[in-house]
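Report on the following structure.
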Amino acid sequence: MAKLERESNPQIVSHQNGSKKVHSAKKRSGGTVKGLAVGGRHGNQREILMTAGVFIALFISMIGYLGHFVATSEQEMINNSYNPRQQILLSRNFRGSILSRDGEVLAETVLDENQNERREYPFKNLFSHIVGYSTQGRMGVEALANYYLINTNTSLSNKVANDVAGVKNPGDNVYTTLDVQLQEVADKQLGISKGAIIVTEVSTGKILALVSHPDFDPNEIEEIWDDLVESNDSSVLLNRATQGLYPPGSTFKMITALEYYREDPGNYQNYSFNCNGHYSVGNSRINCYHGASHGSVNFLTSFAKSCNSSFAKIGMGLDRRSFEETLEALLFNEELPLTLNYSRSSVIVSDELSTDEMMQTAIGQGKTQITPMHLNMITCAIANDGVLMTPYVIDHVENDEGNVVKSFRPNSYGRLMSKDESAMLTEMMTAVVEQGTASKLKGFGYTAAGKTGSAEYNNQKGDSHAWFTGFAPVEEPEVCVTIIVEGAGSGGDYAVPIARRLFDTYFAEK
């Protein structure tokens, strides 16, 4: 009984320090257990809510990202070769036409009586690289405008009628910025030579003509494809205007001159040099083209007469880190704001560069490589007060009824140089025409500015590419022309006459 009474007694008697204390075991024990139970449940609820909130936020972010991606990347998604939607669209629509700025057909889909489709290119080789092809992959405008060409914005009534008749809808038509007459002149002037020509509109960035030789007939691309891809020597499919990398030769002196001006803007006009046909530092030596001796020259005449010796000396005095920054600002070793496939231009200027390499770099030789399109962009920026307009070739898109679906407007990439710097280079390039290596452009119904180049490309003395890049008129520049003729020799002798015919054609059309 005593044992039972003791166990049932709610009080426990204990002795501490000789005193008697009575505790309510039940109360203490119950309170402690109750507190733990309530606190743990609230903590778990908070953790669950926080975790759920994180997952909800991640889910909302993912949905938002997918929505943004679909809205902004629809063209890329459809153009992806793994996307079956292309085939779905082509099963409902036939490919739209590509036209020049004046509405001449450059590419179209021809249907026979059985609705069999054939892609035709009326100008054959003339626009081969810039318009491209749409079988065996895609190239040129055929690739850039693929999304518009395989979609249709024809009227609902036309869609219904075509569906009832069991025929496809016409794809939208793409109008380019290309000028047929300028393209024909450029193609004819380049002739059988390898090389490239680009004609652009200074204030907008519109590509008016783009020629690359050798070329091909896109009507025959399926028949010649295997031969082209199996040949180790063929470069027919290479668009030399945007993908061809060349030593810039003396055209690079525009950039060396810009850096010299930036480092000493108040004193550049006091520069002088006595050219005896070469310039040496230690065992390194630079010769002027064909051993010419230019005598006493200042900064302007050094540029106008393209004196290698003078510019080698200028290059040796430049701050290399500052020069690197200038080159980066001019998009060397950088991505270009260009939608056409292109190669990246490259140049090395560092403290580790040897004396010989630095002198070569200053005159556009050595390891420096540039594409004609990149050189054209730099020239356009000079002509446009230092601002580069992004080059583009698609002007607008229309449906089969002539209604505009989308228009493309000029877009400024940004400032590559100040107005003062562009004005200085314009003055120098004008002197090239008025008293220097591009004098064959002088005396016509327009003023012109430019820079020639004779870029050596191997160890054979005298083997050089002929360059010219420039714009007209000087007062209010409208058109920019960049030319390279592979292995031709002097830019003044071979590239400048081509530029004159292109300028003549442009201004005759106005």
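Letters A, B, ... mark the chains of the structure tokens in the order given; residue numbers begin at 1 per chain; ligand numbers begin at 1, in order shown.
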- request: Using only C-alpha atoms, determine which residues lie at most 6 Å from Ile484 of chain A, disregarding the query and same-chain residues fewer than 2 positions distant; provide the list as number ranges by chain.
  value: A: 195-196, 466-467
Writer output for current selection, all heavy atoms, as a PDB file, in the first residue's frame:
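Below is the file that was written, part01.pdb:
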ATOM      1  N   GLY A 195      38.952  38.254-104.767  1.00  0.00           N
ATOM      2  CA  GLY A 195      38.880  39.429-103.917  1.00  0.00           C
ATOM      3  C   GLY A 195      37.466  39.727-103.487  1.00  0.00           C
ATOM      4  O   GLY A 195      36.577  38.871-103.569  1.00  0.00           O
ATOM      5  N   ALA A 196      37.253  40.953-103.038  1.00  0.00           N
ATOM      6  CA  ALA A 196      35.930  41.342-102.542  1.00  0.00           C
ATOM      7  C   ALA A 196      35.728  42.839-102.682  1.00  0.00           C
ATOM      8  O   ALA A 196      36.699  43.619-102.650  1.00  0.00           O
ATOM      9  CB  ALA A 196      35.774  40.929-101.079  1.00  0.00           C
ATOM     10  N   ALA A 466      45.997  44.390-103.466  1.00  0.00           N
ATOM     11  CA  ALA A 466      45.685  45.802-103.713  1.00  0.00           C
ATOM     12  C   ALA A 466      44.442  46.205-102.927  1.00  0.00           C
ATOM     13  O   ALA A 466      43.372  45.614-103.102  1.00  0.00           O
ATOM     14  CB  ALA A 466      45.461  46.032-105.206  1.00  0.00           C
ATOM     15  N   TRP A 467      44.570  47.214-102.068  1.00  0.00           N
ATOM     16  CA  TRP A 467      43.478  47.699-101.220  1.00  0.00           C
ATOM     17  C   TRP A 467      43.081  49.129-101.594  1.00  0.00           C
ATOM     18  O   TRP A 467      43.902  49.931-101.988  1.00  0.00           O
ATOM     19  CB  TRP A 467      43.913  47.742 -99.766  1.00  0.00           C
ATOM     20  CG  TRP A 467      43.884  46.515 -98.941  1.00  0.00           C
ATOM     21  CD1 TRP A 467      44.961  45.744 -98.594  1.00  0.00           C
ATOM     22  CD2 TRP A 467      42.754  45.932 -98.285  1.00  0.00           C
ATOM     23  NE1 TRP A 467      44.570  44.721 -97.765  1.00  0.00           N
ATOM     24  CE2 TRP A 467      43.216  44.807 -97.553  1.00  0.00           C
ATOM     25  CE3 TRP A 467      41.390  46.246 -98.244  1.00  0.00           C
ATOM     26  CZ2 TRP A 467      42.365  44.001 -96.795  1.00  0.00           C
ATOM     27  CZ3 TRP A 467      40.544  45.443 -97.487  1.00  0.00           C
ATOM     28  CH2 TRP A 467      41.030  44.333 -96.776  1.00  0.00           C
TER      29      TRP A 467
END
- request: as a list in words, please: all residues of segment 197-302 of chain A that backbone DSSP puts in alpha helix (DSSP H).
  value: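 DSSP on the backbone gives alpha helix (DSSP H) at Ile221, Glu222, Glu223, Ile224, Trp225, Asp226, Asp227, Leu228, Val229, Glu230, Arg240, Ala241, Thr242, Gln243, Lys253, Met254, Ile255, Thr256, Ala257, Leu258, Glu259, Tyr260, Tyr261, Arg262, Glu263, Phe299, Leu300, Thr301 and Ser302 of chain A.
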Contacts of Tyr148 of chain A within 6 Å, only C-alpha atoms, excl. fewer than 3 positions in-chain, as a compact mmCIF listing (two decimals) with all heavy atoms, in the first residue's frame:
# COMPACT_ATOMS: atom_id res chain seq x y z
N ALA A 145 16.98 35.79 -93.49
CA ALA A 145 15.55 36.07 -93.61
C ALA A 145 14.70 34.80 -93.64
O ALA A 145 13.52 34.86 -93.97
CB ALA A 145 15.29 36.90 -94.87
N ASN A 151 7.33 31.95 -93.39
CA ASN A 151 6.06 32.32 -92.78
C ASN A 151 5.21 33.09 -93.78
O ASN A 151 5.73 33.62 -94.77
CB ASN A 151 6.28 33.17 -91.53
CG ASN A 151 6.52 32.33 -90.29
OD1 ASN A 151 5.59 31.77 -89.73
ND2 ASN A 151 7.78 32.23 -89.88
N ASP A 172 6.19 35.23 -97.13
CA ASP A 172 6.39 36.67 -97.22
C ASP A 172 7.63 36.98 -98.06
O ASP A 172 8.55 36.17 -98.17
CB ASP A 172 6.55 37.27 -95.83
CG ASP A 172 5.25 37.22 -95.03
OD1 ASP A 172 4.17 37.17 -95.66
OD2 ASP A 172 5.32 37.22 -93.79
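Around Pro265 of chain A, within 12 Å and counting only C-alpha atoms, the residues found are Ala257, Leu258, Glu259, Tyr260, Asn270, Tyr271, Asp420, Glu421 and Met424 of chain A, once anything fewer than 5 positions away on its own chain is removed.
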Restrict the selected residues to N, CA, C and O atoms and save them as a PDB file, in the first residue's frame.
ATOM      1  N   ALA A 257      47.682  56.389 -87.415  1.00  0.00           N
ATOM      2  CA  ALA A 257      47.566  57.855 -87.385  1.00  0.00           C
ATOM      3  C   ALA A 257      46.615  58.308 -86.289  1.00  0.00           C
ATOM      4  O   ALA A 257      46.865  59.306 -85.598  1.00  0.00           O
ATOM      5  N   LEU A 258      45.519  57.588 -86.114  1.00  0.00           N
ATOM      6  CA  LEU A 258      44.550  57.930 -85.066  1.00  0.00           C
ATOM      7  C   LEU A 258      45.195  57.831 -83.692  1.00  0.00           C
ATOM      8  O   LEU A 258      45.021  58.728 -82.852  1.00  0.00           O
ATOM      9  N   GLU A 259      45.955  56.783 -83.442  1.00  0.00           N
ATOM     10  CA  GLU A 259      46.599  56.623 -82.143  1.00  0.00           C
ATOM     11  C   GLU A 259      47.650  57.718 -81.919  1.00  0.00           C
ATOM     12  O   GLU A 259      47.745  58.270 -80.809  1.00  0.00           O
ATOM     13  N   TYR A 260      48.403  58.046 -82.942  1.00  0.00           N
ATOM     14  CA  TYR A 260      49.403  59.107 -82.817  1.00  0.00           C
ATOM     15  C   TYR A 260      48.735  60.439 -82.471  1.00  0.00           C
ATOM     16  O   TYR A 260      49.208  61.184 -81.601  1.00  0.00           O
ATOM     17  N   ASN A 270      53.411  69.229 -86.070  1.00  0.00           N
ATOM     18  CA  ASN A 270      54.823  69.602 -86.078  1.00  0.00           C
ATOM     19  C   ASN A 270      55.735  68.426 -86.430  1.00  0.00           C
ATOM     20  O   ASN A 270      56.963  68.567 -86.453  1.00  0.00           O
ATOM     21  N   TYR A 271      55.133  67.273 -86.696  1.00  0.00           N
ATOM     22  CA  TYR A 271      55.925  66.092 -87.006  1.00  0.00           C
ATOM     23  C   TYR A 271      56.685  66.275 -88.330  1.00  0.00           C
ATOM     24  O   TYR A 271      56.161  66.856 -89.291  1.00  0.00           O
ATOM     25  N   ASP A 420      36.477  65.407 -83.714  1.00  0.00           N
ATOM     26  CA  ASP A 420      37.783  65.979 -84.061  1.00  0.00           C
ATOM     27  C   ASP A 420      38.696  64.929 -84.689  1.00  0.00           C
ATOM     28  O   ASP A 420      39.417  65.197 -85.657  1.00  0.00           O
ATOM     29  N   GLU A 421      38.657  63.724 -84.139  1.00  0.00           N
ATOM     30  CA  GLU A 421      39.495  62.646 -84.679  1.00  0.00           C
ATOM     31  C   GLU A 421      39.055  62.239 -86.074  1.00  0.00           C
ATOM     32  O   GLU A 421      39.882  62.036 -86.970  1.00  0.00           O
ATOM     33  N   MET A 424      40.148  64.938 -88.477  1.00  0.00           N
ATOM     34  CA  MET A 424      41.579  64.840 -88.785  1.00  0.00           C
ATOM     35  C   MET A 424      41.832  63.747 -89.824  1.00  0.00           C
ATOM     36  O   MET A 424      42.553  63.954 -90.807  1.00  0.00           O
TER      37      MET A 424
END
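Relative to atom CA of Asn458 of chain A, atom CA of Phe323 of chain A is found at 26.0 Å.
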message: Residues within 10 Å of Arg501 of chain A, please, as a PyMOL selection string. Count only C-alpha atoms; anything in the same chain fewer than 6 positions from it doesn't count.
response: chain A and resi 182+185-186+189+441
- request: Tell me which of A:Val199, A:Leu144, A:Ile207, A:Ile48 sits closest to Thr505 of chain A, counting only C-alpha atoms.
  value: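 Looking only at the distances to Thr505 of chain A, the closest residue turns out to be A:Val199.
Every protein or nucleic acid residue with an atom no more than 10 Å from Thr301 of chain A, counting only C-alpha atoms and leaving out same-chain residues fewer than 5 positions away, appears here: Ser272, His294, Ser296, Ser306, Cys307, Ser310, Met428, Ala431, Val432, Gln435 and Gly436 of chain A.
Picture a line from atom CA of Asn283 of chain A to atom CA of Thr368 of chain A; it runs 21.5 Å.
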query: Looking at only C-alpha atoms, which of A:Gly64, A:Gly277, A:Gly53, A:Gly450 is the one that sits closest to Glu434 of chain A?
result: A:Gly450
task: Please run DSSP on the backbone and report, as an MDAnalysis selection string, all residues within segment 179-340 of chain A that come out as strand (DSSP E or B).
output: chainID A and resid 195:201 206:213 246 272:275 278:281 284:287 295:298
Taking N, CA, C and O atoms for each residue, export the selection above as a short mmCIF file (atom, residue, chain, number, x, y, z; two decimals), in the first residue's frame.
data_model
loop_
_atom_site.label_atom_id
_atom_site.label_comp_id
_atom_site.auth_asym_id
_atom_site.auth_seq_id
_atom_site.Cartn_x
_atom_site.Cartn_y
_atom_site.Cartn_z
N GLY A 195 38.95 38.25 -104.77
CA GLY A 195 38.88 39.43 -103.92
C GLY A 195 37.47 39.73 -103.49
O GLY A 195 36.58 38.87 -103.57
N ALA A 196 37.25 40.95 -103.04
CA ALA A 196 35.93 41.34 -102.54
C ALA A 196 35.73 42.84 -102.68
O ALA A 196 36.70 43.62 -102.65
N ILE A 197 34.47 43.22 -102.83
CA ILE A 197 34.08 44.64 -102.89
C ILE A 197 32.84 44.83 -102.04
O ILE A 197 31.89 44.04 -102.13
N ILE A 198 32.84 45.89 -101.25
CA ILE A 198 31.67 46.24 -100.43
C ILE A 198 31.35 47.70 -100.66
O ILE A 198 32.24 48.56 -100.64
N VAL A 199 30.06 48.00 -100.89
CA VAL A 199 29.58 49.37 -101.01
C VAL A 199 28.49 49.57 -99.97
O VAL A 199 27.52 48.80 -99.94
N THR A 200 28.64 50.58 -99.13
CA THR A 200 27.66 50.81 -98.07
C THR A 200 27.24 52.28 -98.03
O THR A 200 27.95 53.16 -98.51
N GLU A 201 26.09 52.51 -97.42
CA GLU A 201 25.58 53.87 -97.24
C GLU A 201 26.05 54.37 -95.88
O GLU A 201 25.74 53.77 -94.85
N LYS A 206 23.37 50.74 -94.60
CA LYS A 206 22.80 49.83 -95.61
C LYS A 206 23.91 49.28 -96.51
O LYS A 206 24.77 50.02 -96.98
N ILE A 207 23.87 47.97 -96.75
CA ILE A 207 24.80 47.35 -97.69
C ILE A 207 24.19 47.45 -99.09
O ILE A 207 23.15 46.86 -99.36
N LEU A 208 24.84 48.22 -99.96
CA LEU A 208 24.31 48.45 -101.32
C LEU A 208 24.83 47.41 -102.31
O LEU A 208 24.15 47.08 -103.28
N ALA A 209 26.03 46.93 -102.08
CA ALA A 209 26.61 45.90 -102.96
C ALA A 209 27.63 45.12 -102.16
O ALA A 209 28.33 45.67 -101.31
N LEU A 210 27.70 43.82 -102.45
CA LEU A 210 28.69 42.97 -101.82
C LEU A 210 29.05 41.85 -102.78
O LEU A 210 28.20 41.04 -103.14
N VAL A 211 30.30 41.85 -103.23
CA VAL A 211 30.77 40.88 -104.22
C VAL A 211 31.97 40.14 -103.66
O VAL A 211 32.85 40.74 -103.03
N SER A 212 32.00 38.84 -103.88
CA SER A 212 33.14 38.01 -103.49
C SER A 212 33.47 37.08 -104.64
O SER A 212 32.59 36.42 -105.19
N HIS A 213 34.75 37.06 -105.02
CA HIS A 213 35.21 36.17 -106.10
C HIS A 213 36.31 35.25 -105.58
O HIS A 213 37.16 35.72 -104.82
N TYR A 246 42.82 39.25 -94.26
CA TYR A 246 43.96 39.71 -95.05
C TYR A 246 44.82 40.66 -94.21
O TYR A 246 44.31 41.37 -93.33
N SER A 272 57.92 65.76 -88.38
CA SER A 272 58.68 65.78 -89.63
C SER A 272 59.59 64.56 -89.68
O SER A 272 59.99 64.02 -88.64
N PHE A 273 59.90 64.14 -90.88
CA PHE A 273 60.74 62.96 -91.07
C PHE A 273 61.41 63.06 -92.44
O PHE A 273 60.81 63.51 -93.42
N ASN A 274 62.65 62.63 -92.51
CA ASN A 274 63.37 62.63 -93.78
C ASN A 274 63.48 61.17 -94.26
O ASN A 274 64.22 60.36 -93.70
N CYS A 275 62.72 60.85 -95.29
CA CYS A 275 62.66 59.47 -95.80
C CYS A 275 63.71 59.25 -96.89
O CYS A 275 63.70 59.91 -97.93
N HIS A 278 64.06 53.89 -96.36
CA HIS A 278 63.98 52.83 -95.35
C HIS A 278 64.13 53.45 -93.96
O HIS A 278 64.54 54.60 -93.79
N TYR A 279 63.79 52.64 -92.95
CA TYR A 279 63.93 53.06 -91.55
C TYR A 279 64.45 51.87 -90.76
O TYR A 279 63.92 50.75 -90.89
N SER A 280 65.48 52.07 -89.98
CA SER A 280 66.10 50.97 -89.26
C SER A 280 66.20 51.27 -87.77
O SER A 280 66.46 52.41 -87.36
N VAL A 281 65.99 50.22 -86.99
CA VAL A 281 66.24 50.26 -85.55
C VAL A 281 67.00 48.98 -85.21
O VAL A 281 66.45 47.88 -85.31
N SER A 284 66.57 45.66 -87.25
CA SER A 284 65.24 45.66 -87.89
C SER A 284 65.15 46.80 -88.89
O SER A 284 65.57 47.93 -88.61
N ARG A 285 64.58 46.50 -90.03
CA ARG A 285 64.53 47.51 -91.10
C ARG A 285 63.19 47.41 -91.84
O ARG A 285 62.69 46.33 -92.12
N ILE A 286 62.62 48.58 -92.14
CA ILE A 286 61.40 48.70 -92.94
C ILE A 286 61.73 49.49 -94.20
O ILE A 286 62.35 50.56 -94.14
N ASN A 287 61.30 48.96 -95.36
CA ASN A 287 61.51 49.66 -96.62
C ASN A 287 60.20 50.27 -97.12
O ASN A 287 59.12 49.73 -96.87
N GLY A 295 61.76 61.71 -99.29
CA GLY A 295 62.37 62.96 -98.88
C GLY A 295 61.78 63.48 -97.58
O GLY A 295 61.34 62.72 -96.73
N SER A 296 61.75 64.79 -97.45
CA SER A 296 61.24 65.42 -96.23
C SER A 296 59.71 65.40 -96.23
O SER A 296 59.07 65.93 -97.16
N VAL A 297 59.13 64.79 -95.20
CA VAL A 297 57.67 64.69 -95.13
C VAL A 297 57.20 65.09 -93.75
O VAL A 297 57.90 64.91 -92.75
N ASN A 298 55.97 65.65 -93.71
CA ASN A 298 55.32 65.89 -92.42
C ASN A 298 54.28 64.79 -92.19
O ASN A 298 54.24 63.80 -92.93
#
Just want the 9 Å neighbourhood of Leu318 of chain A, counted on only C-alpha atoms, with same-chain residues fewer than 2 positions away dropped. Output as a PDB file with N, CA and C atoms, in the first residue's frame.
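Saved the output as part_32.pdb:
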ATOM      1  N   THR A 256      46.984  53.714 -87.107  1.00  0.00           N
ATOM      2  CA  THR A 256      48.232  54.191 -86.504  1.00  0.00           C
ATOM      3  C   THR A 256      48.198  55.713 -86.376  1.00  0.00           C
ATOM      4  N   GLU A 259      45.955  56.783 -83.442  1.00  0.00           N
ATOM      5  CA  GLU A 259      46.599  56.623 -82.143  1.00  0.00           C
ATOM      6  C   GLU A 259      47.650  57.718 -81.919  1.00  0.00           C
ATOM      7  N   TYR A 260      48.403  58.046 -82.942  1.00  0.00           N
ATOM      8  CA  TYR A 260      49.403  59.107 -82.817  1.00  0.00           C
ATOM      9  C   TYR A 260      48.735  60.439 -82.471  1.00  0.00           C
ATOM     10  N   GLU A 263      47.555  60.533 -78.803  1.00  0.00           N
ATOM     11  CA  GLU A 263      48.614  60.678 -77.816  1.00  0.00           C
ATOM     12  C   GLU A 263      49.220  62.081 -77.803  1.00  0.00           C
ATOM     13  N   ILE A 314      56.836  56.347 -86.452  1.00  0.00           N
ATOM     14  CA  ILE A 314      55.701  56.761 -85.621  1.00  0.00           C
ATOM     15  C   ILE A 314      55.264  55.608 -84.721  1.00  0.00           C
ATOM     16  N   GLY A 315      55.162  54.417 -85.302  1.00  0.00           N
ATOM     17  CA  GLY A 315      54.715  53.257 -84.542  1.00  0.00           C
ATOM     18  C   GLY A 315      55.624  52.937 -83.370  1.00  0.00           C
ATOM     19  N   MET A 316      56.925  53.117 -83.553  1.00  0.00           N
ATOM     20  CA  MET A 316      57.876  52.815 -82.492  1.00  0.00           C
ATOM     21  C   MET A 316      57.746  53.774 -81.306  1.00  0.00           C
ATOM     22  N   ARG A 320      52.103  51.476 -76.136  1.00  0.00           N
ATOM     23  CA  ARG A 320      51.477  50.236 -76.597  1.00  0.00           C
ATOM     24  C   ARG A 320      50.178  49.920 -75.880  1.00  0.00           C
ATOM     25  N   ARG A 321      50.100  50.242 -74.620  1.00  0.00           N
ATOM     26  CA  ARG A 321      48.854  49.974 -73.892  1.00  0.00           C
ATOM     27  C   ARG A 321      47.725  50.873 -74.387  1.00  0.00           C
ATOM     28  N   SER A 322      48.061  52.127 -74.651  1.00  0.00           N
ATOM     29  CA  SER A 322      47.074  53.042 -75.219  1.00  0.00           C
ATOM     30  C   SER A 322      46.641  52.561 -76.606  1.00  0.00           C
ATOM     31  N   PHE A 323      47.606  52.088 -77.387  1.00  0.00           N
ATOM     32  CA  PHE A 323      47.316  51.575 -78.729  1.00  0.00           C
ATOM     33  C   PHE A 323      46.376  50.367 -78.643  1.00  0.00           C
TER      34      PHE A 323
END
message: As an exercise, work out the distance from atom CA of Leu327 of chain A to atom CA of Ser439 of chain A in Å and give it to one decimal place.
response: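 Separating atom CA of Leu327 of chain A from atom CA of Ser439 of chain A is a distance of 28.6 Å.
Of the residues under consideration (A:Ser309, A:Gln369, A:Asn399, A:Ser454), A:Asn399 shows the shortest atom-to-atom contact distance to Leu149 of chain A when counting only C-alpha atoms.
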